[in-house]
Amino acid sequence: MKRNDGRKVDELRPMEAKTGVVKRADGSAMFKIGDTIAMASVYGPRELHPKFLQNPEKGLLRCNYNMMTFSGSGDRVRPAPSRRSREISLVTQNALLPVLNMEAYPNSVIDVFVELVQTDAGTRCAGICAAAMALADAGIPMTDIVSAVSVGYLKNTLLVDINAVEDCDLHATDIAVACLPRSGEFSLLQIDGDVNQKQLVEALEKAKGACKKIYAVQQKALKEKYKK
Amino acid sequence: MSNLKVKEKDIVVPGEVLANGMDFLPSQGTFRDGDDIVANMIGLTFIDGRVLKVIPLNAKYIPRPGDMVIGKVTEMSFSSWFLDIGCANRAMLSVRETQEFIESGVDLSRYYRFGDYIVAKIIKVTRGNIDLTMKEQGLRRLGVGKLININTSKVPRIIGKQGSMISMIKEKTNCRIVVGKNGLVWLQGEPADERVAAEAITMINEDAHKDGLTERIEEFINKKCKGGKDEKK
């Protein structure tokens with residue numbers, strides 16, 4: 001099957017990544033996959049306000065996902081927090097938590113801001129990739145870097161890294177996956193559409209392979225900052 | 001079979017496997033996961049016999065007892081000041097830990113006011129409570145000068161081996177310099193000298209992981225200082 005942008009079924013869109021893009025942040029990163037661009041900045045660990053959220057046993061990871069007003073195709077994205085952006089903030093947070101040791105930061109918060117500059121499907125995955133890189137760039141101890149990709153089915157064909165045209169197809173199944181590349185564990189799994197057990201297992205296997213490729217890009221970008 | 005997967009001074013990222021097998025031991029910046037030794041943060045590897053270590057390239061300050069830090073007074077209570085030392089929790093300086101004798105009930109802003117910068121030493125860290133003392137030589141309120149924010153992981157490079165780097169900068173630029181472990185550097189001198197010293201310190205902050213640092217900094221200061229004197233003539 002030929003895809004609308006000429007890719008093979010298991011081919012990722014071209015990727016680009018960079019760290020240190022926000023100078024005033026403790027850590028920051030840009031992750032670009034195809035026409036989707038995510039920017040993430042990390043502040044902290046710092047004092048947590050409002051104070052009633054403070055927990056003397058462990059720190060809080062606070063993620064914020066936002067699509068910029070001009071980022072979509074066509075209509076202006078309304079800047080207020082939506083049900084969708086709150087959900088994605090939450091899944092981003094849950095996808096990143098397994099690699100962090102929040103017990104080390106009592107009464108504190110690590111703030112992660114993910115902004116989507118340009119969107120062409122797979123934004124939550126690009127956001128997680130950027131956020132993981134920004135956390136590493138901030139020098140926060142982590143057990144692994146999280147990589148994420150969306151896989152899916154269109155007319156019973158397994159596709160890796162779904163783009164907007166494929167995502168908008170009425171019969172498409174979209175599976176967002178975040179993976180810890182070293183252990184192969186998953187920290188995010190969201191399914192939108194129909195899929196049976198056999199298809200899901202197959203899709204996850206493919207996603208794991210794709211995450212390894214994304215991880216290589218993330219790793220290279222993190223090191224690039226310190227090379228001449 | 002144990003084998004090492006990295007070389008000395010390699011840049012590694014979190015989750016990168018440094019070595020397999022039980023012949024190696026994890027130290028700062030690394031942890032053991034099953035058979036592997038894995039890096040915990042972005043940094044440079046150091047191999048000391050069997051011990052593997054990762055020196056962070058970028059890190060937020062983690063307070064430890066015995067550290068000399070520079071803090072800014074942000075809060076006051078009836079018997080103590082609270083200082084912002086650049087980490088998640090504020091540090092407490094009790095009136096008992098100052099060099100002067102302070103009577104109880106006295107307005108504490110007569111001694112140190114909001115916004116004052118103070119060099120102090122950490123005596124105790126317990127679950128987010130940081131206690132400071134000023135009862136040692138050289139611990140004082142900082143007067144007029146220049147403050148530079150650098151990364152905490154670069155502080156050892158600014159000081160250098162047995163203080164070689166910092167004494168070289170002090171000597172060549174005639175500045176008084178105080179380096180806080182938390183990444184704040186205070187310096188005071190003639191305006192032109194101050195600028196050279198500040199530039200040198202910023203340079204170290206940015207290029208600390210590259211080779212031949214001391215020579216490069218020395219060369220930089222020599223060039224700048226000469227230029228400065230010529231201008232005065």
# chains A, B, ... in the order shown; residues from 1 in each chain; ligands from 1
>>> closest_atom_pairs(of="chain A", to="chain B", cutoff="7 Å", atoms="only C-alpha atoms", output="Markdown table")
| residue | atom | partner | partner_atom | distance |
| --- | --- | --- | --- | --- |
| A:Pro45 | CA | B:Ala88 | CA | 5.7 |
| A:Arg46 | CA | B:Ala88 | CA | 3.9 |
| A:Glu47 | CA | B:Ala88 | CA | 4.6 |
| A:Pro106 | CA | B:Gly128 | CA | 6.6 |
| A:Ser108 | CA | B:Ala88 | CA | 5.9 |
| A:Ala136 | CA | B:Ile42 | CA | 6.4 |
| A:Asp137 | CA | B:Ile42 | CA | 7.0 |
| A:Ala138 | CA | B:Asn58 | CA | 6.3 |
| A:Gly139 | CA | B:Ala59 | CA | 4.5 |
| A:Ile140 | CA | B:Met41 | CA | 6.4 |
| A:Pro141 | CA | B:Met41 | CA | 4.9 |
| A:Met142 | CA | B:Asn40 | CA | 5.3 |
| A:Thr143 | CA | B:Gly15 | CA | 5.2 |
| A:Asp144 | CA | B:Gly15 | CA | 3.9 |
| A:Ile145 | CA | B:Gly15 | CA | 6.3 |
| A:Arg182 | CA | B:Gly15 | CA | 6.8 |
| A:Gln219 | CA | B:Val13 | CA | 6.6 |
| A:Lys223 | CA | B:Ile11 | CA | 6.4 |
>>> write_last_selection(atoms="N, CA and C atoms", output="tab-separated table (two decimals), in the first residue's frame")
chain	number	residue	atom	x	y	z
A	45	PRO	N	13.54	21.16	39.92
A	45	PRO	CA	12.58	21.21	41.01
A	45	PRO	C	12.59	22.58	41.72
A	46	ARG	N	11.41	23.13	41.95
A	46	ARG	CA	11.31	24.41	42.64
A	46	ARG	C	10.15	24.34	43.62
A	47	GLU	N	10.06	25.40	44.44
A	47	GLU	CA	9.04	25.43	45.48
A	47	GLU	C	7.65	25.35	44.86
A	106	PRO	N	10.79	16.45	47.99
A	106	PRO	CA	9.65	16.75	48.87
A	106	PRO	C	9.24	18.21	48.77
A	108	SER	N	8.18	19.94	46.50
A	108	SER	CA	8.61	20.69	45.31
A	108	SER	C	7.82	20.27	44.08
A	136	ALA	N	15.79	15.60	30.59
A	136	ALA	CA	17.18	15.14	30.59
A	136	ALA	C	18.12	16.33	30.48
A	137	ASP	N	17.76	17.30	29.66
A	137	ASP	CA	18.57	18.49	29.46
A	137	ASP	C	18.68	19.31	30.74
A	138	ALA	N	17.63	19.26	31.57
A	138	ALA	CA	17.63	19.98	32.84
A	138	ALA	C	18.49	19.30	33.89
A	139	GLY	N	19.04	18.14	33.56
A	139	GLY	CA	19.91	17.43	34.50
A	139	GLY	C	19.15	16.72	35.60
A	140	ILE	N	17.89	16.44	35.38
A	140	ILE	CA	17.10	15.72	36.38
A	140	ILE	C	17.40	14.23	36.25
A	141	PRO	N	17.72	13.55	37.38
A	141	PRO	CA	18.02	12.12	37.29
A	141	PRO	C	16.83	11.32	36.75
A	142	MET	N	17.08	10.51	35.73
A	142	MET	CA	16.03	9.71	35.11
A	142	MET	C	16.59	8.32	34.84
A	143	THR	N	15.70	7.32	34.87
A	143	THR	CA	16.18	5.97	34.60
A	143	THR	C	16.19	5.67	33.10
A	144	ASP	N	15.48	6.47	32.33
A	144	ASP	CA	15.44	6.25	30.90
A	144	ASP	C	14.85	7.49	30.23
A	145	ILE	N	14.96	7.57	28.91
A	145	ILE	CA	14.31	8.65	28.17
A	145	ILE	C	13.08	8.06	27.48
A	182	ARG	N	14.91	1.26	26.84
A	182	ARG	CA	15.86	0.29	27.39
A	182	ARG	C	15.15	-0.97	27.87
A	219	GLN	N	18.70	10.87	21.64
A	219	GLN	CA	20.01	10.70	22.26
A	219	GLN	C	21.05	11.58	21.56
A	223	LYS	N	23.26	14.98	23.08
A	223	LYS	CA	24.72	15.04	23.11
A	223	LYS	C	25.25	16.18	22.25
>>> residues_around(residues="Met1 (chain A)", least_positions_apart="5", cutoff="8 Å", atoms="only C-alpha atoms", output="list in words")
Lys8, Val9 and Thr157 of chain A
>>> write_last_selection(atoms="N, CA and C atoms", output="PDB file, in the first residue's frame")
ATOM      1  N   LYS A   8       6.766   4.373   3.215  1.00  0.00           N
ATOM      2  CA  LYS A   8       6.458   2.950   3.372  1.00  0.00           C
ATOM      3  C   LYS A   8       5.582   2.799   4.607  1.00  0.00           C
ATOM      4  N   VAL A   9       4.922   1.638   4.763  1.00  0.00           N
ATOM      5  CA  VAL A   9       3.982   1.474   5.870  1.00  0.00           C
ATOM      6  C   VAL A   9       4.646   1.585   7.243  1.00  0.00           C
ATOM      7  N   THR A 157      -4.398  -2.239   7.246  1.00  0.00           N
ATOM      8  CA  THR A 157      -2.950  -2.189   7.065  1.00  0.00           C
ATOM      9  C   THR A 157      -2.349  -1.492   8.275  1.00  0.00           C
TER      10      THR A 157
END
>>> closest_residue(among="B:Val179, B:Ile221, B:Val185, B:Ala120", to="Ala200 (chain B)", atoms="only C-alpha atoms")
B:Ile221
>>> atom_distance(atom1="CA of Gly193 (chain A)", atom2="CA of His171 (chain A)")
7.5 Å
>>> residues_around(residues="Asp169 (chain A)", least_positions_apart="4", cutoff="12 Å", atoms="only C-alpha atoms", output="ChimeraX atom specification")
/A:4,152-155,162-165,173-174,192-193
>>> write_last_selection(atoms="C-alpha atoms", output="PDB file, in the first residue's frame")
ATOM      1  CA  ASN A   4      -0.476   9.632   0.816  1.00  0.00           C
ATOM      2  CA  GLY A 152      -2.558   2.561  13.617  1.00  0.00           C
ATOM      3  CA  TYR A 153      -4.653   0.642  11.169  1.00  0.00           C
ATOM      4  CA  LEU A 154      -6.117   1.979   7.953  1.00  0.00           C
ATOM      5  CA  LYS A 155      -8.060  -0.542   5.821  1.00  0.00           C
ATOM      6  CA  ILE A 162       0.152   8.323  11.413  1.00  0.00           C
ATOM      7  CA  ASN A 163      -0.120  11.744   9.757  1.00  0.00           C
ATOM      8  CA  ALA A 164      -3.151  14.054   9.762  1.00  0.00           C
ATOM      9  CA  VAL A 165      -4.663  12.814   6.501  1.00  0.00           C
ATOM     10  CA  THR A 173      -7.561   3.278  14.220  1.00  0.00           C
ATOM     11  CA  ASP A 174      -5.057   5.455  16.026  1.00  0.00           C
ATOM     12  CA  ASP A 192      -9.005   5.507  19.203  1.00  0.00           C
ATOM     13  CA  GLY A 193     -10.928   3.141  16.892  1.00  0.00           C
TER      14      GLY A 193
END
>>> residues_around(residues="Val151 (chain A)", least_positions_apart="3", cutoff="7 Å", atoms="only C-alpha atoms", output="MDAnalysis selection string")
chainID A and resid 159:162 174:176 203 207
>>> select_by_dssp(residues="region 56-144 of chain B", states="strand (DSSP E)", output="PyMOL selection string")
chain B and resi 56+68-76+80-84+91-94+117-126+129-133+141-142
>>> write_last_selection(atoms="N, CA and C atoms", output="mmCIF file, in the first residue's frame")
data_model
loop_
_atom_site.group_PDB
_atom_site.id
_atom_site.type_symbol
_atom_site.label_atom_id
_atom_site.label_comp_id
_atom_site.auth_asym_id
_atom_site.auth_seq_id
_atom_site.Cartn_x
_atom_site.Cartn_y
_atom_site.Cartn_z
ATOM 1 N N PRO B 56 27.622 15.321 36.160
ATOM 2 C CA PRO B 56 26.568 16.000 35.400
ATOM 3 C C PRO B 56 27.068 17.220 34.638
ATOM 4 N N MET B 68 29.472 26.006 51.099
ATOM 5 C CA MET B 68 29.398 27.451 51.256
ATOM 6 C C MET B 68 28.527 27.979 50.110
ATOM 7 N N VAL B 69 27.460 28.681 50.466
ATOM 8 C CA VAL B 69 26.528 29.136 49.437
ATOM 9 C C VAL B 69 26.286 30.647 49.546
ATOM 10 N N ILE B 70 25.815 31.228 48.449
ATOM 11 C CA ILE B 70 25.395 32.626 48.462
ATOM 12 C C ILE B 70 23.876 32.636 48.361
ATOM 13 N N GLY B 71 23.232 33.338 49.283
ATOM 14 C CA GLY B 71 21.771 33.361 49.292
ATOM 15 C C GLY B 71 21.237 34.769 49.393
ATOM 16 N N LYS B 72 19.985 34.922 48.995
ATOM 17 C CA LYS B 72 19.332 36.227 49.036
ATOM 18 C C LYS B 72 18.256 36.191 50.105
ATOM 19 N N VAL B 73 18.211 37.203 50.956
ATOM 20 C CA VAL B 73 17.214 37.238 52.020
ATOM 21 C C VAL B 73 15.836 37.495 51.406
ATOM 22 N N THR B 74 14.918 36.550 51.621
ATOM 23 C CA THR B 74 13.586 36.716 51.049
ATOM 24 C C THR B 74 12.495 36.797 52.105
ATOM 25 N N GLU B 75 12.800 36.317 53.328
ATOM 26 C CA GLU B 75 11.789 36.321 54.374
ATOM 27 C C GLU B 75 12.447 36.497 55.720
ATOM 28 N N MET B 76 11.675 36.990 56.671
ATOM 29 C CA MET B 76 12.204 37.184 58.022
ATOM 30 C C MET B 76 11.149 36.741 59.013
ATOM 31 N N SER B 80 14.741 34.515 62.869
ATOM 32 C CA SER B 80 15.589 34.000 61.789
ATOM 33 C C SER B 80 15.301 34.695 60.465
ATOM 34 N N TRP B 81 16.273 34.532 59.559
ATOM 35 C CA TRP B 81 16.076 34.997 58.198
ATOM 36 C C TRP B 81 15.897 33.772 57.305
ATOM 37 N N PHE B 82 15.190 33.947 56.184
ATOM 38 C CA PHE B 82 15.087 32.861 55.210
ATOM 39 C C PHE B 82 15.728 33.305 53.912
ATOM 40 N N LEU B 83 16.591 32.428 53.393
ATOM 41 C CA LEU B 83 17.374 32.784 52.213
ATOM 42 C C LEU B 83 16.999 31.913 51.022
ATOM 43 N N ASP B 84 16.954 32.523 49.871
ATOM 44 C CA ASP B 84 16.779 31.782 48.628
ATOM 45 C C ASP B 84 18.168 31.389 48.137
ATOM 46 N N ALA B 91 16.417 28.355 52.738
ATOM 47 C CA ALA B 91 17.337 28.007 53.815
ATOM 48 C C ALA B 91 17.130 28.952 54.982
ATOM 49 N N MET B 92 17.292 28.422 56.211
ATOM 50 C CA MET B 92 17.058 29.232 57.400
ATOM 51 C C MET B 92 18.369 29.633 58.061
ATOM 52 N N LEU B 93 18.484 30.921 58.375
ATOM 53 C CA LEU B 93 19.631 31.423 59.122
ATOM 54 C C LEU B 93 19.095 31.962 60.438
ATOM 55 N N SER B 94 19.433 31.266 61.522
ATOM 56 C CA SER B 94 18.932 31.660 62.841
ATOM 57 C C SER B 94 19.795 32.782 63.418
ATOM 58 N N TYR B 117 22.456 39.971 49.913
ATOM 59 C CA TYR B 117 23.091 38.688 49.597
ATOM 60 C C TYR B 117 24.085 38.334 50.691
ATOM 61 N N ILE B 118 24.047 37.091 51.120
ATOM 62 C CA ILE B 118 24.854 36.644 52.251
ATOM 63 C C ILE B 118 25.616 35.385 51.866
ATOM 64 N N VAL B 119 26.903 35.320 52.283
ATOM 65 C CA VAL B 119 27.626 34.046 52.134
ATOM 66 C C VAL B 119 27.447 33.298 53.435
ATOM 67 N N ALA B 120 26.994 32.091 53.371
ATOM 68 C CA ALA B 120 26.795 31.301 54.586
ATOM 69 C C ALA B 120 27.147 29.857 54.296
ATOM 70 N N LYS B 121 27.225 29.089 55.381
ATOM 71 C CA LYS B 121 27.583 27.680 55.234
ATOM 72 C C LYS B 121 26.406 26.830 55.673
ATOM 73 N N ILE B 122 26.150 25.754 54.955
ATOM 74 C CA ILE B 122 25.055 24.861 55.333
ATOM 75 C C ILE B 122 25.542 23.942 56.455
ATOM 76 N N ILE B 123 24.768 23.897 57.562
ATOM 77 C CA ILE B 123 25.173 22.972 58.627
ATOM 78 C C ILE B 123 24.331 21.710 58.645
ATOM 79 N N LYS B 124 23.087 21.823 58.224
ATOM 80 C CA LYS B 124 22.218 20.645 58.345
ATOM 81 C C LYS B 124 21.157 20.678 57.242
ATOM 82 N N VAL B 125 20.887 19.523 56.677
ATOM 83 C CA VAL B 125 19.793 19.399 55.709
ATOM 84 C C VAL B 125 18.922 18.223 56.137
ATOM 85 N N THR B 126 17.672 18.521 56.500
ATOM 86 C CA THR B 126 16.767 17.432 56.859
ATOM 87 C C THR B 126 15.449 17.607 56.122
ATOM 88 N N ASN B 129 14.402 20.974 55.054
ATOM 89 C CA ASN B 129 14.811 22.064 55.935
ATOM 90 C C ASN B 129 16.319 22.237 55.830
ATOM 91 N N ILE B 130 16.718 23.441 55.496
ATOM 92 C CA ILE B 130 18.142 23.711 55.343
ATOM 93 C C ILE B 130 18.550 24.738 56.390
ATOM 94 N N ASP B 131 19.518 24.397 57.239
ATOM 95 C CA ASP B 131 19.987 25.327 58.268
ATOM 96 C C ASP B 131 21.343 25.879 57.881
ATOM 97 N N LEU B 132 21.495 27.204 58.077
ATOM 98 C CA LEU B 132 22.734 27.878 57.700
ATOM 99 C C LEU B 132 23.448 28.412 58.925
ATOM 100 N N THR B 133 24.753 28.641 58.790
ATOM 101 C CA THR B 133 25.496 29.319 59.833
ATOM 102 C C THR B 133 26.395 30.382 59.206
ATOM 103 N N ARG B 141 27.884 39.402 54.919
ATOM 104 C CA ARG B 141 26.972 39.991 53.953
ATOM 105 C C ARG B 141 27.809 40.534 52.790
ATOM 106 N N LEU B 142 27.353 40.351 51.578
ATOM 107 C CA LEU B 142 28.118 40.813 50.431
ATOM 108 C C LEU B 142 27.720 42.239 50.090
#
>>> residues_around(residues="region 154-156 of chain B", least_positions_apart="3", cutoff="7 Å", atoms="only C-alpha atoms", output="PyMOL selection string")
chain B and resi 151+159-160+181+183+205+208
>>> write_last_selection(atoms="all heavy atoms", output="compact mmCIF listing (two decimals), in the first residue's frame")
# COMPACT_ATOMS: atom_id res chain seq x y z
N ASN B 151 26.10 27.48 36.32
CA ASN B 151 25.54 26.17 36.64
C ASN B 151 26.31 25.53 37.80
O ASN B 151 27.54 25.59 37.82
CB ASN B 151 25.62 25.28 35.42
CG ASN B 151 24.64 24.16 35.52
OD1 ASN B 151 24.78 23.30 36.38
ND2 ASN B 151 23.63 24.19 34.70
N ILE B 159 36.63 26.81 40.44
CA ILE B 159 37.60 26.81 41.53
C ILE B 159 38.91 26.19 41.05
O ILE B 159 40.00 26.68 41.33
CB ILE B 159 37.02 26.08 42.76
CG1 ILE B 159 35.86 26.91 43.31
CG2 ILE B 159 38.08 25.87 43.83
CD1 ILE B 159 34.99 26.21 44.30
N GLY B 160 38.82 25.13 40.26
CA GLY B 160 40.02 24.48 39.72
C GLY B 160 40.68 23.58 40.73
O GLY B 160 40.24 23.48 41.88
N LYS B 181 28.66 27.43 46.31
CA LYS B 181 28.45 26.08 45.75
C LYS B 181 27.16 26.00 44.96
O LYS B 181 26.98 25.12 44.11
CB LYS B 181 28.40 25.06 46.90
CG LYS B 181 29.73 24.37 47.17
CD LYS B 181 29.85 23.11 46.32
CE LYS B 181 31.22 22.52 46.31
NZ LYS B 181 31.52 21.73 47.47
N GLY B 183 26.11 27.99 42.76
CA GLY B 183 26.19 28.53 41.41
C GLY B 183 26.08 30.04 41.33
O GLY B 183 25.89 30.58 40.25
N ASN B 205 31.76 28.65 32.44
CA ASN B 205 30.42 28.07 32.57
C ASN B 205 29.97 27.40 31.28
O ASN B 205 29.35 26.34 31.30
CB ASN B 205 29.44 29.18 32.97
CG ASN B 205 28.07 28.64 33.30
OD1 ASN B 205 27.95 27.54 33.84
ND2 ASN B 205 27.05 29.40 33.00
N ALA B 208 33.20 24.42 30.05
CA ALA B 208 33.95 23.68 31.07
C ALA B 208 34.28 22.26 30.65
O ALA B 208 35.27 21.69 31.09
CB ALA B 208 33.17 23.65 32.37
>>> residues_around(residues="region 163-169 of chain B", least_positions_apart="4", cutoff="10 Å", atoms="only C-alpha atoms", output="list of chain:residue names")
B:Pro156, B:Arg157, B:Ile158, B:Ile159, B:Thr173, B:Asn174, B:Cys175, B:Arg176, B:Ile177, B:Val178, B:Val179, B:Val196, B:Ala197, B:Ala198, B:Ala200, B:Ile201, B:Ile204, B:Leu213, B:Thr214, B:Glu215, B:Ile217, B:Glu218, B:Ile221
>>> residues_around(residues="Leu4 (chain B)", least_positions_apart="6", cutoff="9 Å", atoms="only C-alpha atoms", output="list in words")
Leu18, Ala19, Asn20, Gly21 and Phe24 of chain B
>>> write_last_selection(atoms="C-alpha atoms", output="compact mmCIF listing (two decimals), in the first residue's frame")
# COMPACT_ATOMS: atom_id res chain seq x y z
CA LEU B 18 27.67 2.06 30.64
CA ALA B 19 28.77 -1.51 31.36
CA ASN B 20 27.48 -5.03 31.77
CA GLY B 21 28.38 -7.45 34.52
CA PHE B 24 31.86 -2.80 37.81
>>> atom_distance(atom1="CA of Lys23 (chain A)", atom2="CA of Leu147 (chain B)")
18.5 Å
>>> closest_residue(among="A:Leu158, A:Cys211, A:Val77, A:Met133", to="Pro181 (chain A)", atoms="only C-alpha atoms")
A:Cys211
>>> select_by_dssp(residues="region 181-218 of chain B", states="alpha helix (DSSP H)", output="PyMOL selection string")
chain B and resi 191-207+213-218
>>> write_last_selection(atoms="C-alpha atoms", output="PDB file, in the first residue's frame")
ATOM      1  CA  PRO B 191      34.783  48.144  36.679  1.00  0.00           C
ATOM      2  CA  ALA B 192      37.018  47.115  33.761  1.00  0.00           C
ATOM      3  CA  ASP B 193      38.600  44.265  35.721  1.00  0.00           C
ATOM      4  CA  GLU B 194      35.225  43.182  36.976  1.00  0.00           C
ATOM      5  CA  ARG B 195      34.020  42.853  33.403  1.00  0.00           C
ATOM      6  CA  VAL B 196      37.006  40.724  32.379  1.00  0.00           C
ATOM      7  CA  ALA B 197      36.579  38.424  35.383  1.00  0.00           C
ATOM      8  CA  ALA B 198      32.854  38.104  34.716  1.00  0.00           C
ATOM      9  CA  GLU B 199      33.492  37.221  31.081  1.00  0.00           C
ATOM     10  CA  ALA B 200      36.091  34.640  32.089  1.00  0.00           C
ATOM     11  CA  ILE B 201      33.666  33.020  34.511  1.00  0.00           C
ATOM     12  CA  THR B 202      30.894  32.946  31.923  1.00  0.00           C
ATOM     13  CA  MET B 203      33.349  31.342  29.522  1.00  0.00           C
ATOM     14  CA  ILE B 204      34.137  28.594  32.023  1.00  0.00           C
ATOM     15  CA  ASN B 205      30.420  28.071  32.572  1.00  0.00           C
ATOM     16  CA  GLU B 206      29.867  27.464  28.887  1.00  0.00           C
ATOM     17  CA  ASP B 207      33.010  25.561  27.888  1.00  0.00           C
ATOM     18  CA  LEU B 213      40.380  25.143  29.888  1.00  0.00           C
ATOM     19  CA  THR B 214      42.922  26.769  32.203  1.00  0.00           C
ATOM     20  CA  GLU B 215      45.242  27.739  29.326  1.00  0.00           C
ATOM     21  CA  ARG B 216      42.407  29.205  27.318  1.00  0.00           C
ATOM     22  CA  ILE B 217      41.110  31.262  30.226  1.00  0.00           C
ATOM     23  CA  GLU B 218      44.598  32.501  31.091  1.00  0.00           C
TER      24      GLU B 218
END
>>> atom_distance(atom1="CA of Leu44 (chain B)", atom2="CA of Val21 (chain A)")
21.4 Å
